[in-house]
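The structure appears right after this line, and notes come after that.
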Amino acid sequence: MFDPVVLARAQFGANITFHILFPTISISLTWVLLFFKLRYNRTRDPKWMDAYKFWVKIFALTFALGVVSGITMSFQFGTNWPGYMQTVGNIAGPLLAYEVMTAFFLEATFLGIMLFGTNRVSNRMHTIATLLVAFGTTMSAFWIIALNSWMQTPAGFEMIDGKAHATDWLAIVFNPSFPYRFTHMMLASCLTSAFLVAGVSAYRWLRGDRAPAVLAALKTGVFIGAALIPLQIVAGDAHGLNTLKHQPAKIAAMEGLWETKRGVPVLAFAIPDESTRSNHLEIPIPNLASLILTHDLNGEVKGLNEFKGKHPPVAPVFWGFRIMVGTGMLMLAVSWLAAWQLARRGSPAPWLARVLVAMTFAGWVATVAGWYVTEIGRQPYLVSGLLLTKDAASTVPSAMIATTLAMYLALYIALTIAYISVVFHLARKGQFPAMPSPHATLVAA
Amino acid sequence: MNNLANGAWLPVVFMGLMGLAMLAYVILDGYDLGVGILLRRADDGDKDVMISSIGPFWDANETWLVLGVGILLVAFPMAHGVILGALYLPVACMLLGLILRGVAFDFRVKARALHKPMWNALFYAGSLIASFSQGVMLGLYITGFRYDALSLFFALVTGLGLCAGYALLGATWLIMKTEGALQQRAVRWAVGSFWLTALGIIAISVVTPLVSARIFDKWFQLPNFFLLLPIPIATAVLFFVIFRALRRLPVRLQDGNEYGAWVPFGATVGIFLLAFYGLAYSLFPYLVVDRIDIWQAASAPESLMIILIGAAFVLPTIIGYTIYAYRVFWGKARELTYY
């Protein structure tokens with residue numbers, strides 16, 4: 001009943017799901033902070049510094065959650081997947097090492113100066129610190145996505161005695177799916193931050209906070225979102241075509257396509273059934289999938305029948321994909337409407353502000369759903385074609401994994417709730433910046 | 001195995017790098033974990049000052065752990081699996097502790113004021129759990145992951161010993177970074193953790209040679225014994241230096257004389273360096289006592305080489321900007337302001 005592979009996956013999945021929530025925000029929120037800071041340097045308008053001071057608090061909180069959940073991951077690579085490093089450690093090792101060396105120390109060290117250094121360093125040095133943190137978070141994304149993409153589409157290596165050895169590092173880093181996945185993820189991160197900034201600012205606006213910094217941040221969030229979401233749709237489409245070329249089984253699962261055929265529809269709804277290898281309650285949009293994937297209404301798309309025993313579980317991939325795309329479409333509609341309103345009348349209508357508040361964490365939903373598609377879509381392999389997930393799993397007794405899994409789950413749920421409530425608490429408190437309490441002027445990270 | 005032309009020197013270099021990262025972690029995160037352990041004893045105003053003294057540093061301090069474990073993972077993947085598999089539960093407890101204190105850092109000032117005492121308590125508990133787990137891991141590691149009663153008792157002692165050692169680092173750090181009543185209190189905290197730290201180091205020094213005949217011979221054969229004698233002697237001298245400084249400091253600090261306020265911290269760091277050196281000497285060249293040596297566990301040379309090339313450029317840079325950050329926040333912690 002307690003299959004250790006299932007438990008190891010559940011534990012790692014829980015941790016990585018929790019982890020990705022925070023880097024997704026912090027990777028791009030630093031660039032937004034840099035934007036605020038540069039606007040302030042240019043215009044000397046205090047509203048930009050106010051926006052910086054408010055958002056840097058949320059950034060610090062987000063960053064801390066990312067750090068602690070990331071430390072957990074550096075241990076779980078070994079405890080949950082010992083076979084992973086033994087087989088592909090020669091590839092994964094240097095990529096992870098470069099992430100730690102070029103990104104982690106840079107961001108962690110200059111974060112201290114960014115948060116606490118305003119009175120101790122020049123304004124220029126403070127701007128540079130912000131830039132270095134932004135650069136560090138982006139480098140971190142670069143290396144880890146290079147590794148993840150290599151696991152999806154391995155390249156630049158040879159197998160000797162069952163172990164991968166590097167032959168071409170450029171081919172390893174810039175493997176076939178890397179440019180697509182990196183672009184897709186960076187845009188996802190920017191959109192997540194854009195909706196976070198817009199949602200929290202809309203919340204402050206609704207509560208009657210008319211500080212110039214609130215409107216400035218609201219506009220920044222909405223316009224970034226409106227500008228980037230069309231790019232994300234293009235990037236997502238290109239990523240899909242890349243996946244069709246290199247991982248056709250994943251595409252077949254995303255489309256719920258059990259048999260190879262021509263003129264494949266997009267299924268707006270269906271309940272995939274692994275036991276009968278068919279779908280129930282299909283709502284098809286005729287020929288659309290063939291058009292998107294092959295640019296031909298009658299193009300042929302390979303079905304799951306071609307990959308029997310070597311394709312991922314269909315339902316989670318199928319549904320993850322629909323949740324991601326659906327959320328993306330909603331983000332498109334809301335951000336464009338909000339951008340249009342802001343451009344036309346300079347402030348959001350209350351109902352639209354409420355929609356923005358409801359969409360504050362929409363980026364999380366789309367990002368996590370998208371990662372489920374790509375990671376579950378890679379199964380049953382841990383490294384496509386090289387290493388099966390079950391062959392890499394740990395020999396730690398199930399009871400021990402189950403106990404720690406329960407502990408982690410309880411902790412992650414509590415912390416996610418705490419994070420969301422503190423973000424809104426800060427938004428309420430942000431209204432009265434002119435009332436420092438005796439202790440508030442003292443530090444504390 | 002000793003064919004140096006064949007890249008056999010690479011694992012030695014990586015063991016050195018990993019050792020440096022772990023040492024940096026123990027000392028740097030040691031003082032901020034120690035401040036966390038001491039937090040419970042302080043009143044509310046002091047708590048803010050104490051945390052302000054470590055606020056700009058803790059993120060980077062914990063990164064050394066990621067680097068150390070990262071090197072173990074990437075350079076010695078086989079040992080990574082064995083060691084972390086054997087230490088599964090204490091590692092999980094340590095991670096729980098690190099998560100709790102890491103998030104409490106931020107939540108305690110950002111959540112509603114009503115919840116601040118809870119986050120303070122979690123910060124203390126997380127620091128204590130993480131420190132104790134690390135000490136237990138050290139004990140189990142030294143005895144080669146034997147889970148008999150005696151080894152577990154030893155692990156308990158090293159757990160308490162490391163908590164005390166971190167508290168000593170934390171208290172002596174606070175002596176440097178604070179002033180007034182809190183500084184006086186920090187001196188008393190340092191005295192309180194002094195003897196338990198000494199006990200922990202004595203326990204490790206006695207038990208390590210008993211675990212393995214090979215380690216025993218390394219220390220007690222002639223002429224090694226005399227060549228190595230300076231290590232325990234220097235450790236004892238440093239303990240004496242701390243002891244004397246802690247007795248003299250209260251009066252001196254009362255008069256606002258900061259002369260020698262850094263001595264207890266410096267000497268404690270010295271003790272950690274010596275203890276670390278002794279342990280490394282005992283263990284080398286094994287990653288798991290008398291079972292897995294560094295050559296058996298190492299990754300392919302071409303992969304180690306590509307990391308080493310990067311490290312040669314990046315590590316000095318990291319050390320450079322770390323020193324810069326400490327210089328920026330040099331001096332007493334009180335006037336540090338947070339957005």
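Residue numbers start at 1 in each chain; chains themselves are named A, B, ... in the order of the structure tokens; ligands are numbered from 1 in the order shown.
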
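The neighbours of Trp31 in chain A here are the residues that come within 12 Å of it, using only C-alpha atoms and leaving out any residue fewer than 5 positions away in the same chain; they are Ile25, Ser26, Phe36, Lys37, Leu38, Tyr52, Trp55, Val56, Phe59, Thr127, Ala129, Thr130, Leu131, Leu132, Val133, Ala134, Phe135, Gly136, Thr137, Thr138, Met186, Ser189, Cys190, Ser193, Ala194, Thr220 and Ile224 of chain A.
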
Atoms to include: N, CA, C and O atoms. Write the selected residues as an mmCIF file, in the first residue's frame.
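Saved result, again_7.cif, follows:
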```cif
data_model
loop_
_atom_site.group_PDB
_atom_site.id
_atom_site.type_symbol
_atom_site.label_atom_id
_atom_site.label_comp_id
_atom_site.auth_asym_id
_atom_site.auth_seq_id
_atom_site.Cartn_x
_atom_site.Cartn_y
_atom_site.Cartn_z
ATOM 1 N N ILE A 25 7.904 34.178 -7.920
ATOM 2 C CA ILE A 25 7.696 35.595 -7.642
ATOM 3 C C ILE A 25 9.024 36.342 -7.575
ATOM 4 O O ILE A 25 9.208 37.377 -8.219
ATOM 5 N N SER A 26 9.984 35.786 -6.811
ATOM 6 C CA SER A 26 11.164 36.604 -6.521
ATOM 7 C C SER A 26 12.048 36.823 -7.747
ATOM 8 O O SER A 26 12.694 37.862 -7.864
ATOM 9 N N PHE A 36 11.324 50.243 -10.129
ATOM 10 C CA PHE A 36 10.896 51.301 -9.191
ATOM 11 C C PHE A 36 12.091 52.178 -8.807
ATOM 12 O O PHE A 36 12.011 53.404 -8.793
ATOM 13 N N LYS A 37 13.190 51.510 -8.502
ATOM 14 C CA LYS A 37 14.376 52.222 -8.040
ATOM 15 C C LYS A 37 14.925 53.138 -9.140
ATOM 16 O O LYS A 37 15.278 54.288 -8.894
ATOM 17 N N LEU A 38 14.974 52.622 -10.371
ATOM 18 C CA LEU A 38 15.488 53.420 -11.473
ATOM 19 C C LEU A 38 14.558 54.595 -11.776
ATOM 20 O O LEU A 38 15.018 55.694 -12.093
ATOM 21 N N TYR A 52 8.884 51.030 -3.822
ATOM 22 C CA TYR A 52 10.031 50.152 -3.578
ATOM 23 C C TYR A 52 9.999 49.640 -2.147
ATOM 24 O O TYR A 52 10.135 48.442 -1.884
ATOM 25 N N TRP A 55 7.242 47.042 -1.594
ATOM 26 C CA TRP A 55 7.400 45.745 -2.270
ATOM 27 C C TRP A 55 8.654 45.000 -1.858
ATOM 28 O O TRP A 55 8.726 43.777 -1.975
ATOM 29 N N VAL A 56 9.655 45.751 -1.350
ATOM 30 C CA VAL A 56 10.866 45.051 -0.932
ATOM 31 C C VAL A 56 10.574 44.187 0.300
ATOM 32 O O VAL A 56 11.206 43.151 0.512
ATOM 33 N N PHE A 59 9.121 41.161 -1.043
ATOM 34 C CA PHE A 59 10.207 40.427 -1.688
ATOM 35 C C PHE A 59 11.039 39.660 -0.657
ATOM 36 O O PHE A 59 11.363 38.479 -0.846
ATOM 37 N N THR A 127 21.393 50.805 -5.618
ATOM 38 C CA THR A 127 20.824 50.414 -6.912
ATOM 39 C C THR A 127 21.586 49.220 -7.482
ATOM 40 O O THR A 127 20.984 48.270 -8.000
ATOM 41 N N ALA A 129 23.206 46.966 -5.784
ATOM 42 C CA ALA A 129 22.848 45.782 -4.998
ATOM 43 C C ALA A 129 21.536 45.184 -5.515
ATOM 44 O O ALA A 129 21.403 43.966 -5.675
ATOM 45 N N THR A 130 20.556 46.072 -5.790
ATOM 46 C CA THR A 130 19.273 45.590 -6.324
ATOM 47 C C THR A 130 19.482 44.885 -7.664
ATOM 48 O O THR A 130 18.929 43.812 -7.909
ATOM 49 N N LEU A 131 20.323 45.503 -8.514
ATOM 50 C CA LEU A 131 20.604 44.898 -9.815
ATOM 51 C C LEU A 131 21.269 43.529 -9.653
ATOM 52 O O LEU A 131 20.913 42.566 -10.345
ATOM 53 N N LEU A 132 22.218 43.423 -8.706
ATOM 54 C CA LEU A 132 22.922 42.154 -8.533
ATOM 55 C C LEU A 132 21.990 41.064 -8.011
ATOM 56 O O LEU A 132 22.103 39.899 -8.396
ATOM 57 N N VAL A 133 21.055 41.430 -7.131
ATOM 58 C CA VAL A 133 20.093 40.441 -6.651
ATOM 59 C C VAL A 133 19.217 39.980 -7.819
ATOM 60 O O VAL A 133 18.971 38.785 -7.999
ATOM 61 N N ALA A 134 18.769 40.939 -8.638
ATOM 62 C CA ALA A 134 17.950 40.577 -9.797
ATOM 63 C C ALA A 134 18.724 39.665 -10.741
ATOM 64 O O ALA A 134 18.219 38.640 -11.218
ATOM 65 N N PHE A 135 19.978 40.024 -10.972
ATOM 66 C CA PHE A 135 20.817 39.207 -11.845
ATOM 67 C C PHE A 135 21.005 37.809 -11.238
ATOM 68 O O PHE A 135 20.909 36.797 -11.945
ATOM 69 N N GLY A 136 21.224 37.750 -9.917
ATOM 70 C CA GLY A 136 21.416 36.469 -9.241
ATOM 71 C C GLY A 136 20.199 35.565 -9.358
ATOM 72 O O GLY A 136 20.322 34.376 -9.689
ATOM 73 N N THR A 137 19.010 36.111 -9.112
ATOM 74 C CA THR A 137 17.807 35.277 -9.197
ATOM 75 C C THR A 137 17.637 34.750 -10.622
ATOM 76 O O THR A 137 17.236 33.604 -10.822
ATOM 77 N N THR A 138 17.972 35.581 -11.608
ATOM 78 C CA THR A 138 17.816 35.152 -12.993
ATOM 79 C C THR A 138 18.833 34.061 -13.355
ATOM 80 O O THR A 138 18.507 33.091 -14.053
ATOM 81 N N MET A 186 10.454 32.317 -17.587
ATOM 82 C CA MET A 186 10.718 33.715 -17.222
ATOM 83 C C MET A 186 9.464 34.565 -17.429
ATOM 84 O O MET A 186 9.140 35.419 -16.605
ATOM 85 N N SER A 189 7.073 33.817 -14.694
ATOM 86 C CA SER A 189 7.472 34.503 -13.469
ATOM 87 C C SER A 189 7.050 35.977 -13.512
ATOM 88 O O SER A 189 6.466 36.498 -12.557
ATOM 89 N N CYS A 190 7.324 36.636 -14.645
ATOM 90 C CA CYS A 190 6.951 38.054 -14.761
ATOM 91 C C CYS A 190 5.447 38.244 -14.635
ATOM 92 O O CYS A 190 4.976 39.185 -13.988
ATOM 93 N N SER A 193 4.367 37.857 -10.959
ATOM 94 C CA SER A 193 4.641 39.078 -10.195
ATOM 95 C C SER A 193 3.716 40.208 -10.620
ATOM 96 O O SER A 193 3.244 40.972 -9.780
ATOM 97 N N ALA A 194 3.466 40.320 -11.928
ATOM 98 C CA ALA A 194 2.604 41.400 -12.421
ATOM 99 C C ALA A 194 1.225 41.305 -11.773
ATOM 100 O O ALA A 194 0.685 42.302 -11.287
ATOM 101 N N THR A 220 1.931 49.660 -12.993
ATOM 102 C CA THR A 220 3.091 48.843 -13.372
ATOM 103 C C THR A 220 2.671 47.381 -13.546
ATOM 104 O O THR A 220 2.979 46.746 -14.563
ATOM 105 N N ILE A 224 2.533 45.559 -17.228
ATOM 106 C CA ILE A 224 3.455 44.437 -17.479
ATOM 107 C C ILE A 224 2.650 43.202 -17.881
ATOM 108 O O ILE A 224 2.968 42.514 -18.860
#
```

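Using only C-alpha atoms, the protein and nucleic acid residues lying no more than 8 Å from Ala226 in chain A, apart from those fewer than 4 places from it along its own chain, are Val222, Pro230, Leu332, Ser335, Trp336 and Ala339 of chain A.
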
Write out, as a PDB file, in the first residue's frame, the residues just selected, with N, CA and C atoms.
```pdb
ATOM      1  N   VAL A 222      -0.381  46.019 -13.988  1.00  0.00           N
ATOM      2  CA  VAL A 222      -1.353  45.786 -15.065  1.00  0.00           C
ATOM      3  C   VAL A 222      -0.679  45.881 -16.438  1.00  0.00           C
ATOM      4  N   PRO A 230       0.462  38.251 -24.286  1.00  0.00           N
ATOM      5  CA  PRO A 230       0.486  37.772 -25.684  1.00  0.00           C
ATOM      6  C   PRO A 230       1.813  37.081 -26.022  1.00  0.00           C
ATOM      7  N   LEU A 332      -5.262  37.081 -19.701  1.00  0.00           N
ATOM      8  CA  LEU A 332      -5.281  37.927 -20.897  1.00  0.00           C
ATOM      9  C   LEU A 332      -6.469  38.881 -20.835  1.00  0.00           C
ATOM     10  N   SER A 335      -6.168  41.430 -17.770  1.00  0.00           N
ATOM     11  CA  SER A 335      -5.115  42.445 -17.858  1.00  0.00           C
ATOM     12  C   SER A 335      -5.397  43.437 -18.982  1.00  0.00           C
ATOM     13  N   TRP A 336      -5.948  42.985 -20.079  1.00  0.00           N
ATOM     14  CA  TRP A 336      -6.249  43.916 -21.172  1.00  0.00           C
ATOM     15  C   TRP A 336      -7.372  44.865 -20.799  1.00  0.00           C
ATOM     16  N   ALA A 339      -5.935  47.302 -18.367  1.00  0.00           N
ATOM     17  CA  ALA A 339      -5.042  48.251 -19.032  1.00  0.00           C
ATOM     18  C   ALA A 339      -5.846  49.297 -19.793  1.00  0.00           C
TER      19      ALA A 339
END
```

- Task: Step one, run DSSP on the backbone; step two, keep only residues of range 56-305 of chain A assigned to strand (DSSP E); then write them as a PyMOL selection string.
- Result: chain A and resi 157-160+163-166+261-262+266-273+278-285+300-301

- For chain A against chain B, which residues fall within 7 Å using only C-alpha atoms, given as a count of residues only? 41

Which residues are close to range 304-308 of chain A, i.e. within 6 Å by only C-alpha atoms, leaving aside same-chain residues fewer than 6 positions away? Reply as a PDB file with N, CA, C and O atoms, in the first residue's frame.
```pdb
ATOM      1  N   ALA A 252       0.644  13.900 -26.665  1.00  0.00           N
ATOM      2  CA  ALA A 252      -0.521  13.029 -26.800  1.00  0.00           C
ATOM      3  C   ALA A 252      -1.318  13.010 -25.501  1.00  0.00           C
ATOM      4  O   ALA A 252      -2.558  13.019 -25.510  1.00  0.00           O
ATOM      5  N   TRP A 258      -5.704   9.175 -27.711  1.00  0.00           N
ATOM      6  CA  TRP A 258      -5.343   7.776 -27.453  1.00  0.00           C
ATOM      7  C   TRP A 258      -4.830   7.070 -28.697  1.00  0.00           C
ATOM      8  O   TRP A 258      -3.987   6.183 -28.605  1.00  0.00           O
ATOM      9  N   GLU A 259      -5.364   7.443 -29.893  1.00  0.00           N
ATOM     10  CA  GLU A 259      -4.958   6.773 -31.133  1.00  0.00           C
ATOM     11  C   GLU A 259      -4.393   7.808 -32.103  1.00  0.00           C
ATOM     12  O   GLU A 259      -4.910   8.923 -32.200  1.00  0.00           O
TER      13      GLU A 259
END
```

Near Thr24 in chain A, within 10 Å and counting only C-alpha atoms, which residues show up once chain neighbours fewer than 4 positions away are dropped, as a PDB file with N, CA and C atoms, in the first residue's frame?
```pdb
ATOM      1  N   HIS A  19       8.182  24.982  -3.126  1.00  0.00           N
ATOM      2  CA  HIS A  19       9.350  25.805  -3.437  1.00  0.00           C
ATOM      3  C   HIS A  19       9.088  26.747  -4.623  1.00  0.00           C
ATOM      4  N   ILE A  20       8.534  26.203  -5.705  1.00  0.00           N
ATOM      5  CA  ILE A  20       8.451  26.972  -6.947  1.00  0.00           C
ATOM      6  C   ILE A  20       7.557  28.207  -6.797  1.00  0.00           C
ATOM      7  N   SER A  28      11.252  37.607 -10.742  1.00  0.00           N
ATOM      8  CA  SER A  28      10.870  38.793 -11.511  1.00  0.00           C
ATOM      9  C   SER A  28      10.574  39.996 -10.627  1.00  0.00           C
ATOM     10  N   LEU A  29      10.174  39.757  -9.372  1.00  0.00           N
ATOM     11  CA  LEU A  29       9.859  40.902  -8.511  1.00  0.00           C
ATOM     12  C   LEU A  29      11.089  41.784  -8.290  1.00  0.00           C
ATOM     13  N   THR A  62       9.216  36.636   0.528  1.00  0.00           N
ATOM     14  CA  THR A  62       9.165  35.633  -0.534  1.00  0.00           C
ATOM     15  C   THR A  62      10.511  34.940  -0.682  1.00  0.00           C
ATOM     16  N   GLY A  66      11.665  31.011  -0.277  1.00  0.00           N
ATOM     17  CA  GLY A  66      12.365  30.314  -1.353  1.00  0.00           C
ATOM     18  C   GLY A  66      13.667  29.687  -0.877  1.00  0.00           C
ATOM     19  N   THR A 137      19.010  36.111  -9.112  1.00  0.00           N
ATOM     20  CA  THR A 137      17.807  35.277  -9.197  1.00  0.00           C
ATOM     21  C   THR A 137      17.637  34.750 -10.622  1.00  0.00           C
ATOM     22  N   ALA A 141      17.639  30.806 -12.056  1.00  0.00           N
ATOM     23  CA  ALA A 141      16.640  30.213 -12.950  1.00  0.00           C
ATOM     24  C   ALA A 141      17.310  29.609 -14.182  1.00  0.00           C
ATOM     25  N   MET A 185       9.261  30.049 -18.761  1.00  0.00           N
ATOM     26  CA  MET A 185       9.277  30.189 -17.306  1.00  0.00           C
ATOM     27  C   MET A 185       9.540  31.631 -16.890  1.00  0.00           C
ATOM     28  N   MET A 186      10.454  32.317 -17.587  1.00  0.00           N
ATOM     29  CA  MET A 186      10.718  33.715 -17.222  1.00  0.00           C
ATOM     30  C   MET A 186       9.464  34.565 -17.429  1.00  0.00           C
ATOM     31  N   LEU A 187       8.756  34.312 -18.533  1.00  0.00           N
ATOM     32  CA  LEU A 187       7.516  35.059 -18.767  1.00  0.00           C
ATOM     33  C   LEU A 187       6.474  34.696 -17.705  1.00  0.00           C
ATOM     34  N   ALA A 188       6.412  33.409 -17.347  1.00  0.00           N
ATOM     35  CA  ALA A 188       5.466  32.986 -16.305  1.00  0.00           C
ATOM     36  C   ALA A 188       5.773  33.702 -14.999  1.00  0.00           C
ATOM     37  N   SER A 189       7.073  33.817 -14.694  1.00  0.00           N
ATOM     38  CA  SER A 189       7.472  34.503 -13.469  1.00  0.00           C
ATOM     39  C   SER A 189       7.050  35.977 -13.512  1.00  0.00           C
ATOM     40  N   CYS A 190       7.324  36.636 -14.645  1.00  0.00           N
ATOM     41  CA  CYS A 190       6.951  38.054 -14.761  1.00  0.00           C
ATOM     42  C   CYS A 190       5.447  38.244 -14.635  1.00  0.00           C
ATOM     43  N   LEU A 191       4.684  37.334 -15.242  1.00  0.00           N
ATOM     44  CA  LEU A 191       3.225  37.445 -15.174  1.00  0.00           C
ATOM     45  C   LEU A 191       2.737  37.215 -13.742  1.00  0.00           C
ATOM     46  N   THR A 192       3.366  36.255 -13.044  1.00  0.00           N
ATOM     47  CA  THR A 192       2.965  35.995 -11.663  1.00  0.00           C
ATOM     48  C   THR A 192       3.185  37.240 -10.805  1.00  0.00           C
ATOM     49  N   SER A 193       4.367  37.857 -10.959  1.00  0.00           N
ATOM     50  CA  SER A 193       4.641  39.078 -10.195  1.00  0.00           C
ATOM     51  C   SER A 193       3.716  40.208 -10.620  1.00  0.00           C
ATOM     52  N   GLY A 363      -1.073  33.697 -11.159  1.00  0.00           N
ATOM     53  CA  GLY A 363       0.188  33.221 -11.731  1.00  0.00           C
ATOM     54  C   GLY A 363       0.632  31.907 -11.094  1.00  0.00           C
ATOM     55  N   TRP A 364       0.413  31.767  -9.798  1.00  0.00           N
ATOM     56  CA  TRP A 364       0.765  30.514  -9.119  1.00  0.00           C
ATOM     57  C   TRP A 364       0.012  29.335  -9.728  1.00  0.00           C
ATOM     58  N   THR A 367       1.353  28.575 -13.200  1.00  0.00           N
ATOM     59  CA  THR A 367       2.728  28.074 -13.171  1.00  0.00           C
ATOM     60  C   THR A 367       2.788  26.653 -12.628  1.00  0.00           C
ATOM     61  N   VAL A 368       2.124  26.411 -11.518  1.00  0.00           N
ATOM     62  CA  VAL A 368       2.159  25.065 -10.938  1.00  0.00           C
ATOM     63  C   VAL A 368       1.500  24.062 -11.881  1.00  0.00           C
TER      64      VAL A 368
END
```

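Proximity to Gly256 in chain B was assessed for B:Thr178, B:Gly139, B:Val13, B:Leu39 counting only C-alpha atoms; the smallest distance is recorded for B:Thr178.
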
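The protein and nucleic acid residues lying at most 9 Å from Thr17 in chain A are A:Phe12, A:Gly13, A:Ala14, A:Ile20, A:Leu21, A:Val368, A:Trp371, A:Tyr372, with only C-alpha atoms considered and sequence neighbours fewer than 3 positions away removed.
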
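Between CA of Ala42 in chain B and CA of Leu168 in chain B there is a distance of 15.3 Å.
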
- Message: I'd like the neighbourhood of Gly19 in chain B as a PyMOL selection string, where a residue qualifies if any of its atoms comes within 9 Å (using only C-alpha atoms), though same-chain residues fewer than 4 positions away should be ignored.
- Response: chain B and resi 14-15+23-24+68+276+280

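Residues lying within 8 Å of range 407-411 of chain A, counting only C-alpha atoms and ignoring same-chain neighbours fewer than 2 positions away, are Gln11, Ala14, Asn15, Thr403, Thr404, Leu405, Ile413, Ala414 and Leu415 of chain A; Leu96 of chain B.
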
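The space separating CA of Ala245 in chain B from CA of Gly135 in chain B comes to 26.6 Å.
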
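Nearest residue to Ile202 in chain B among B:Leu246, B:Leu182, B:Val288, B:Val157 is B:Val157, counting only C-alpha atoms.
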